[in-house]
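File shown: run27.txt. Contents: compact mmCIF, C-alpha atoms.
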# COMPACT_ATOMS: atom_id res chain seq x y z
CA MET P 27 75.23 20.67 253.26
CA ILE P 28 72.79 20.98 250.35
CA ALA P 29 74.90 23.78 248.85
CA ILE P 30 77.98 21.55 248.89
CA VAL P 31 76.15 18.66 247.21
CA LEU P 32 74.67 20.91 244.52
CA ALA P 33 78.02 22.64 243.86
CA LEU P 34 79.85 19.31 243.56
CA GLY P 35 77.10 18.10 241.23
CA ALA P 36 77.68 21.18 239.07
CA SER P 37 81.40 20.44 239.09
CA ALA P 38 80.88 16.85 237.95
CA SER P 39 78.48 17.86 235.19
CA TRP P 40 80.84 20.58 233.96
CA GLY P 41 83.77 18.16 234.02
CA VAL P 42 82.14 15.68 231.66
CA GLY P 43 80.58 18.37 229.48
CA ASP P 44 83.80 20.34 229.12
CA PHE P 45 85.80 17.23 228.27
CA LEU P 46 83.31 16.38 225.53
CA GLY P 47 83.23 20.01 224.39
CA GLY P 48 87.01 20.27 224.15
CA LEU P 49 87.31 16.91 222.42
CA THR P 50 84.55 17.68 219.91
CA SER P 51 86.14 21.08 219.17
CA ARG P 52 89.19 19.24 217.84
CA ARG P 53 87.20 17.95 214.85
CA LEU P 54 84.39 20.50 214.52
CA PRO P 55 84.49 24.33 214.52
CA VAL P 56 84.36 25.79 218.02
CA LEU P 57 81.49 28.08 216.97
CA MET P 58 79.46 25.07 215.84
CA VAL P 59 80.03 23.24 219.11
CA LEU P 60 79.23 26.34 221.13
CA ALA P 61 76.13 27.46 219.22
CA VAL P 62 74.42 24.08 218.86
CA SER P 63 75.15 23.00 222.43
CA GLN P 64 73.90 26.34 223.78
CA ALA P 65 70.67 25.98 221.81
CA ALA P 66 70.18 22.43 223.07
CA GLY P 67 70.77 23.61 226.63
CA LEU P 68 68.28 26.45 226.19
CA THR P 69 65.57 23.99 225.19
CA GLY P 70 66.23 21.85 228.24
CA ILE P 71 66.35 24.67 230.81
CA THR P 72 63.24 26.35 229.37
CA ILE P 73 61.24 23.16 229.88
CA ALA P 74 62.59 22.88 233.44
CA ALA P 75 61.75 26.52 234.20
CA LEU P 76 58.19 26.15 232.92
CA LEU P 77 57.73 23.12 235.18
CA PHE P 78 59.59 24.21 238.31
CA GLY P 79 60.44 27.91 237.99
CA GLY P 80 59.01 30.53 240.29
CA ASP P 81 58.85 34.31 240.11
CA VAL P 82 59.96 36.37 237.15
CA LEU P 83 63.22 38.27 237.49
CA THR P 84 63.40 41.85 238.70
CA SER P 85 65.08 44.44 236.47
CA VAL P 86 68.31 44.07 238.43
CA GLY P 87 68.12 40.28 238.31
CA LEU P 88 67.42 40.41 234.58
CA ALA P 89 70.45 42.60 233.96
CA ALA P 90 72.61 40.29 236.06
CA ALA P 91 71.37 37.24 234.13
CA VAL P 92 72.22 38.94 230.83
CA GLY P 93 75.69 39.70 232.18
CA ALA P 94 76.02 36.06 233.21
CA GLY P 95 75.11 34.94 229.70
CA ILE P 96 77.73 37.18 228.11
CA ALA P 97 80.46 36.16 230.56
CA GLY P 98 79.54 32.49 230.32
CA VAL P 99 79.63 32.24 226.54
CA ILE P 100 82.99 34.03 226.42
CA GLY P 101 84.35 31.64 229.03
CA LEU P 102 83.06 28.55 227.23
CA ALA P 103 84.31 29.65 223.82
CA ALA P 104 87.77 30.33 225.26
CA LEU P 105 87.81 27.02 227.16
CA TYR P 106 86.73 24.89 224.20
CA ARG P 107 89.22 26.57 221.87
CA GLY P 108 91.96 26.33 224.48
CA MET P 109 91.38 22.60 224.96
CA ALA P 110 91.22 22.13 221.20
CA ILE P 111 94.72 23.57 220.62
CA GLY P 112 96.36 22.69 223.94
CA ALA P 113 96.47 19.92 226.51
CA MET P 114 93.20 19.51 228.41
CA GLY P 115 95.15 18.66 231.55
CA VAL P 116 96.78 22.09 231.37
CA VAL P 117 93.95 24.30 230.15
CA ALA P 118 91.22 23.01 232.48
CA PRO P 119 93.09 23.57 235.79
CA ILE P 120 94.00 27.13 234.78
CA SER P 121 90.38 27.92 234.02
CA ALA P 122 89.54 26.75 237.55
CA SER P 123 91.36 29.81 238.91
CA ALA P 124 88.04 31.54 238.17
CA ALA P 125 87.25 30.82 241.82
CA VAL P 126 89.74 33.52 242.83
CA ILE P 127 87.44 36.24 241.42
CA PRO P 128 84.45 35.63 243.73
CA VAL P 129 86.83 35.38 246.69
CA ALA P 130 88.48 38.69 245.76
CA VAL P 131 85.13 40.41 245.33
CA GLY P 132 84.01 39.02 248.67
CA LEU P 133 87.09 40.50 250.34
CA ALA P 134 86.38 43.87 248.74
CA ARG P 135 82.85 43.73 250.09
CA GLY P 136 84.11 43.16 253.59
CA GLU P 137 84.05 39.38 253.82
CA ARG P 138 86.85 37.92 255.89
CA PRO P 139 87.67 34.36 254.83
CA GLU P 140 89.59 32.09 257.14
CA ALA P 141 93.36 31.93 256.88
CA LEU P 142 93.09 28.55 255.17
CA GLN P 143 91.05 30.11 252.36
CA LEU P 144 93.69 32.78 251.80
CA VAL P 145 96.38 30.09 251.63
CA GLY P 146 94.23 28.31 249.06
CA VAL P 147 93.99 31.45 246.92
CA GLY P 148 97.77 31.76 246.99
CA LEU P 149 98.23 28.12 245.99
CA ALA P 150 95.79 28.51 243.12
CA LEU P 151 97.75 31.45 241.74
CA VAL P 152 101.09 29.64 242.09
CA GLY P 153 99.59 26.62 240.39
CA VAL P 154 98.50 28.76 237.44
CA ILE P 155 102.07 30.04 237.01
CA LEU P 156 103.59 26.55 237.16
CA VAL P 157 101.11 24.85 234.89
CA SER P 158 101.37 27.63 232.32
CA ARG P 159 104.96 26.80 231.40
CA GLU P 160 106.31 23.99 229.27
CA SER P 161 109.44 22.10 230.21
CA GLY P 162 112.45 22.26 227.90
CA ALA P 163 115.45 24.37 227.10
CA GLU P 164 113.32 27.27 225.97
CA SER P 165 110.40 27.44 228.34
CA ARG P 166 107.37 29.20 226.90
CA LEU P 167 103.69 29.63 227.63
CA ALA P 168 101.92 26.38 226.88
CA ALA P 169 99.47 26.28 223.99
CA GLY P 170 96.00 27.30 225.07
CA VAL P 171 97.06 29.07 228.27
CA PRO P 172 96.00 32.61 227.24
CA LEU P 173 92.60 31.22 226.28
CA ALA P 174 92.42 29.34 229.60
CA LEU P 175 93.03 32.61 231.46
CA LEU P 176 90.26 34.27 229.43
CA ALA P 177 88.00 31.36 230.32
CA ALA P 178 88.83 31.86 234.00
CA ALA P 179 87.89 35.54 233.77
CA GLY P 180 84.63 34.66 232.02
CA PHE P 181 83.67 31.96 234.49
CA GLY P 182 84.61 34.07 237.51
CA SER P 183 82.40 36.88 236.27
CA TYR P 184 79.62 34.38 235.55
CA PHE P 185 79.67 33.23 239.18
CA LEU P 186 79.12 36.77 240.41
CA PHE P 187 76.38 37.64 237.91
CA ILE P 188 74.41 34.42 238.32
CA ASP P 189 74.66 34.72 242.12
CA ARG P 190 72.70 37.97 241.96
CA ALA P 191 70.26 36.79 239.32
CA SER P 192 69.48 33.47 241.00
CA SER P 193 68.35 35.25 244.17
CA ASP P 194 65.19 36.14 242.20
CA ASP P 195 64.71 32.69 240.68
CA ALA P 196 67.41 30.15 239.79
CA TYR P 197 65.55 28.59 236.86
CA TRP P 198 64.64 31.79 235.03
CA ALA P 199 68.04 33.28 235.76
CA VAL P 200 69.66 30.41 233.86
CA VAL P 201 67.06 30.71 231.06
CA VAL P 202 67.82 34.40 230.53
CA ALA P 203 71.56 33.75 230.68
CA ARG P 204 71.20 31.00 228.08
CA VAL P 205 69.00 33.14 225.81
CA THR P 206 71.72 35.78 225.93
CA SER P 207 74.50 33.33 225.10
CA CYS P 208 72.45 31.90 222.21
CA ALA P 209 71.75 35.41 220.90
CA LEU P 210 75.51 35.90 220.68
CA ALA P 211 76.63 32.48 219.49
CA LEU P 212 73.98 31.55 216.91
CA PRO P 213 74.22 34.62 214.61
CA LEU P 214 78.02 34.48 214.72
CA ALA P 215 78.02 30.78 213.91
CA TYR P 216 75.53 31.33 211.07
CA SER P 217 77.64 34.12 209.57
CA ARG P 218 80.64 31.79 209.54
CA GLY P 219 78.71 28.90 208.02
CA ALA P 220 79.17 26.89 211.22
CA LEU P 221 75.58 25.69 211.58
CA ARG P 222 75.82 22.95 208.96
CA VAL P 223 75.99 20.25 211.57
CA PRO P 224 76.80 16.67 210.54
CA PRO P 225 73.89 14.50 211.74
CA SER P 226 76.33 12.14 213.43
CA ALA P 227 77.56 15.01 215.64
CA LEU P 228 74.13 16.02 216.97
CA PRO P 229 73.94 13.54 219.89
CA VAL P 230 77.23 14.65 221.44
CA LEU P 231 76.44 18.35 220.89
CA ILE P 232 73.06 17.92 222.60
CA ALA P 233 74.73 16.04 225.46
CA ILE P 234 77.29 18.85 225.87
CA GLY P 235 74.53 21.43 226.01
CA LEU P 236 72.44 19.53 228.56
CA LEU P 237 75.45 18.82 230.79
CA ASP P 238 76.50 22.47 230.70
CA VAL P 239 73.07 23.94 231.39
CA GLY P 240 72.48 21.30 234.08
CA ALA P 241 75.66 22.42 235.81
CA ASN P 242 74.55 26.04 235.53
CA LEU P 243 71.22 25.24 237.16
CA LEU P 244 72.86 23.25 239.97
CA LEU P 245 75.23 26.19 240.54
CA ALA P 246 72.37 28.69 240.66
CA LEU P 247 70.46 26.53 243.15
CA ALA P 248 73.61 26.08 245.25
CA LEU P 249 74.19 29.84 245.35
CA ASN P 250 70.75 30.25 246.92
CA GLU P 251 71.83 27.89 249.71
CA GLY P 252 75.41 29.00 250.41
CA PHE P 253 78.03 31.73 250.06
CA VAL P 254 79.31 32.56 246.58
CA SER P 255 82.93 32.27 247.76
CA LEU P 256 82.36 28.69 248.90
CA VAL P 257 80.00 27.47 246.18
CA SER P 258 82.08 28.89 243.34
CA VAL P 259 85.28 27.16 244.43
CA LEU P 260 83.54 23.82 244.87
CA ALA P 261 82.01 24.16 241.41
CA SER P 262 85.49 25.00 240.12
CA LEU P 263 86.69 21.48 240.88
CA TYR P 264 85.48 20.42 237.41
CA PRO P 265 89.07 20.19 236.02
CA VAL P 266 89.53 17.03 238.10
CA GLY P 267 87.04 15.28 235.85
CA VAL P 268 88.54 16.78 232.69
CA VAL P 269 92.09 15.76 233.65
CA VAL P 270 91.07 12.22 234.63
CA LEU P 271 89.10 11.73 231.41
CA ALA P 272 91.98 13.16 229.35
CA ILE P 273 94.42 10.74 230.99
CA VAL P 274 92.12 7.74 230.53
CA PHE P 275 90.88 8.39 227.00
CA LEU P 276 93.53 10.64 225.43
CA HIS P 277 96.57 9.31 227.30
CA GLU P 278 97.74 12.84 228.05
CA ARG P 279 100.88 13.07 230.17
CA PRO P 280 101.68 16.62 231.30
CA GLY P 281 105.27 17.54 232.17
CA ARG P 282 106.48 17.56 235.76
CA SER P 283 106.13 21.30 236.18
CA GLN P 284 102.66 21.26 234.66
CA ALA P 285 101.57 18.28 236.74
CA LEU P 286 102.85 20.01 239.88
CA GLY P 287 101.12 23.23 238.88
CA GLY P 288 97.84 21.49 238.14
CA GLY P 289 97.94 19.67 241.46
CA THR P 290 98.84 22.88 243.29
CA ALA P 291 95.98 24.80 241.67
CA LEU P 292 93.48 22.10 242.57
CA ALA P 293 94.90 21.85 246.09
CA GLY P 294 94.35 25.58 246.44
CA VAL P 295 90.73 25.22 245.39
CA ALA P 296 90.31 22.35 247.84
CA LEU P 297 91.76 24.41 250.72
CA ILE P 298 89.40 27.28 249.97
CA SER P 299 86.42 24.97 250.06
CA ALA P 300 87.66 23.11 253.13
CA ALA P 301 87.66 26.36 255.09

Can you give me the file's structure in the form of structure tokens?
Amino acid sequence: MIAIVLALGASASWGVGDFLGGLTSRRLPVLMVLAVSQAAGLTGITIAALLFGGDVLTSVGLAAAVGAGIAGVIGLAALYRGMAIGAMGVVAPISASAAVIPVAVGLARGERPEALQLVGVGLALVGVILVSRESGAESRLAAGVPLALLAAAGFGSYFLFIDRASSDDAYWAVVVARVTSCALALPLAYSRGALRVPPSALPVLIAIGLLDVGANLLLALALNEGFVSLVSVLASLYPVGVVVLAIVFLHERPGRSQALGGGTALAGVALISAA
């Protein structure tokens, strides 16, 4: 039960953080949003690790945490950019298909999910196809969809890497992952002149970073309590929050096919977790 609560907490935190990240990326450079929020998150998780962290990571755990940091920053950059140029209610549900990756790896390792989980995987894939197309005479891939798919690949890989790293220590696993992401994002942002942050933007960037790293910590703790295939799909429910916030504050109204696809993708995630 604790794994479910922690995973849903991660989902809620990601939902709010990703909505703010996507919205802020519409008026500020994505690199600025990513770099500053990652740095803010690193500060927060380092303090938490010094207070509550346990053992240092093994060499394998360290390598896995580094891999998580690389995959995570790629996923976040793609998600923020995708939501900046496309509809949040379309991009966020597609990125949730990241849950398919841990399930697929589990199958390859010999795990045998229940039939309901396999149905959920199928629904998630169908939902991605439906939500990726715009209505109209000349249907085409919706804006931001390729980036949403890249985000899904990044997040799915992150789940697998952080699962291994957190088995050593959840707190320090997230610290190492965040150090890695900062080592990638900050120099790139500096080289592009994207670190000249308007003072008025600092509060929201700090909030984004703390929400994101908080979700990462909750995920890592949940993975120590439950199976990666279950925890990852529950954590992948974050698009629900993004879609609801986009409808309430941005008045987004996706087309029928996209709405059906988004609902189908989320229903697939729900079926996987229900099993």

Checklist line | Residues within 6 Å of Ala90 of chain P, only C-alpha atoms, excluding chain neighbours under 3 positions, as a PyMOL selection string | finding: chain P and resi 87+93+187+191

Note to self: Can you measure atom CA of Ala103 of chain P to atom CA of Leu60 of chain P for me? One decimal in Å is fine.
What the structure shows: 6.6 Å

Check: Counting all atoms listed in the file, what is within 12 Å of Ala122 of chain P, bar same-chain residues fewer than 6 positions away, as a VMD selection string?
Finding: chain P and resid 37 40 to 41 101 105 115 to 116 128 147 150 to 151 153 to 154 174 to 182 185 258 to 269 288 to 296

Notebook entry, point to check: With distances taken over only C-alpha atoms, which of P:Arg218, P:Val257, P:Tyr197, P:Gly281 is nearest to Gly70 of chain P?
Noted result: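 When distances to Gly70 of chain P are compared using only C-alpha atoms, the smallest one comes from P:Tyr197.
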
Check: P:Ile71, P:Leu49, P:Val171, P:Leu237: which is nearest Pro119 of chain P, counting only C-alpha atoms?
Finding: P:Val171

Check: Counting only C-alpha atoms, which of P:Arg135, P:Ile155, P:Ala196, P:Leu214 gets nearest to Ala248 of chain P?
Finding: P:Ala196

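Note that atom CA of Val201 of chain P and atom CA of Val82 of chain P are 10.9 Å apart.
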
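By chain and then residue number, the residues within 10 Å of Ser39 of chain P are Ala33, Leu34, Gly35, Ala36, Val42, Gly43, Asp44, Ile234, Leu236, Leu237, Asp238, Val239, Gly240, Ala241, Asn242, Leu244, Ala261, Tyr264 and Gly267 of chain P, counting all atoms listed in the file and disregarding those fewer than 3 positions away in sequence.
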
Check: Between P:Val59, P:Leu32, P:Ala74, P:Leu149, which has the minimum distance to Pro229 of chain P (counting only C-alpha atoms)?
Finding: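 The shortest atom-to-atom distance to Pro229 of chain P comes from P:Val59.
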
Notebook entry, point to check: So, counting only C-alpha atoms, which residue among P:Ala300, P:Leu156, P:Leu249, P:Ala215 is closest to Ser283 of chain P?
Noted result: P:Leu156

Margin query: Here is a test: counting only C-alpha atoms, which residue of P:Leu133, P:Gly108, P:Val200, P:Gly47 is nearest to Ala61 of chain P?
Written below: P:Gly47

Coordinates of box centre and edge lengths for segment 241-249 of chain P, 6 Å on every side, axis-aligned, as JSON:
{"center_x": 73.1, "center_y": 26.1, "center_z": 240.4, "size_x": 17.2, "size_y": 19.4, "size_z": 21.8}

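Rounded to one decimal, atom CA of Arg190 of chain P and atom CA of Ala75 of chain P lie 17.6 Å from each other.
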
Margin query: Taking (76.3, 24.2, 210.5) in the coordinates of the supplied file, I want to know which residues reach to within 10 Å of it, counting only C-alpha atoms; could you give the answer as JSON, numbers by chain?
Written below: {"P": [54, 55, 57, 58, 59, 61, 62, 215, 216, 218, 219, 220, 221, 222, 223, 224]}

So that I have them on file, write out the residues from the current selection with C-alpha atoms, as a CSV table (one decimal), keeping the file's coordinate frame.
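Below is the file result-v8.csv, written as the result:
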chain,number,residue,atom,x,y,z
P,54,LEU,CA,84.4,20.5,214.5
P,55,PRO,CA,84.5,24.3,214.5
P,57,LEU,CA,81.5,28.1,217.0
P,58,MET,CA,79.5,25.1,215.8
P,59,VAL,CA,80.0,23.2,219.1
P,61,ALA,CA,76.1,27.5,219.2
P,62,VAL,CA,74.4,24.1,218.9
P,215,ALA,CA,78.0,30.8,213.9
P,216,TYR,CA,75.5,31.3,211.1
P,218,ARG,CA,80.6,31.8,209.5
P,219,GLY,CA,78.7,28.9,208.0
P,220,ALA,CA,79.2,26.9,211.2
P,221,LEU,CA,75.6,25.7,211.6
P,222,ARG,CA,75.8,23.0,209.0
P,223,VAL,CA,76.0,20.2,211.6
P,224,PRO,CA,76.8,16.7,210.5

Note to self: Quick one: residues within 7 Å of Leu142 of chain P, all atoms listed in the file, excluding same-chain residues fewer than 3 positions away - as an MDAnalysis selection string?
What the structure shows: chainID P and resid 145:146 297:298 301
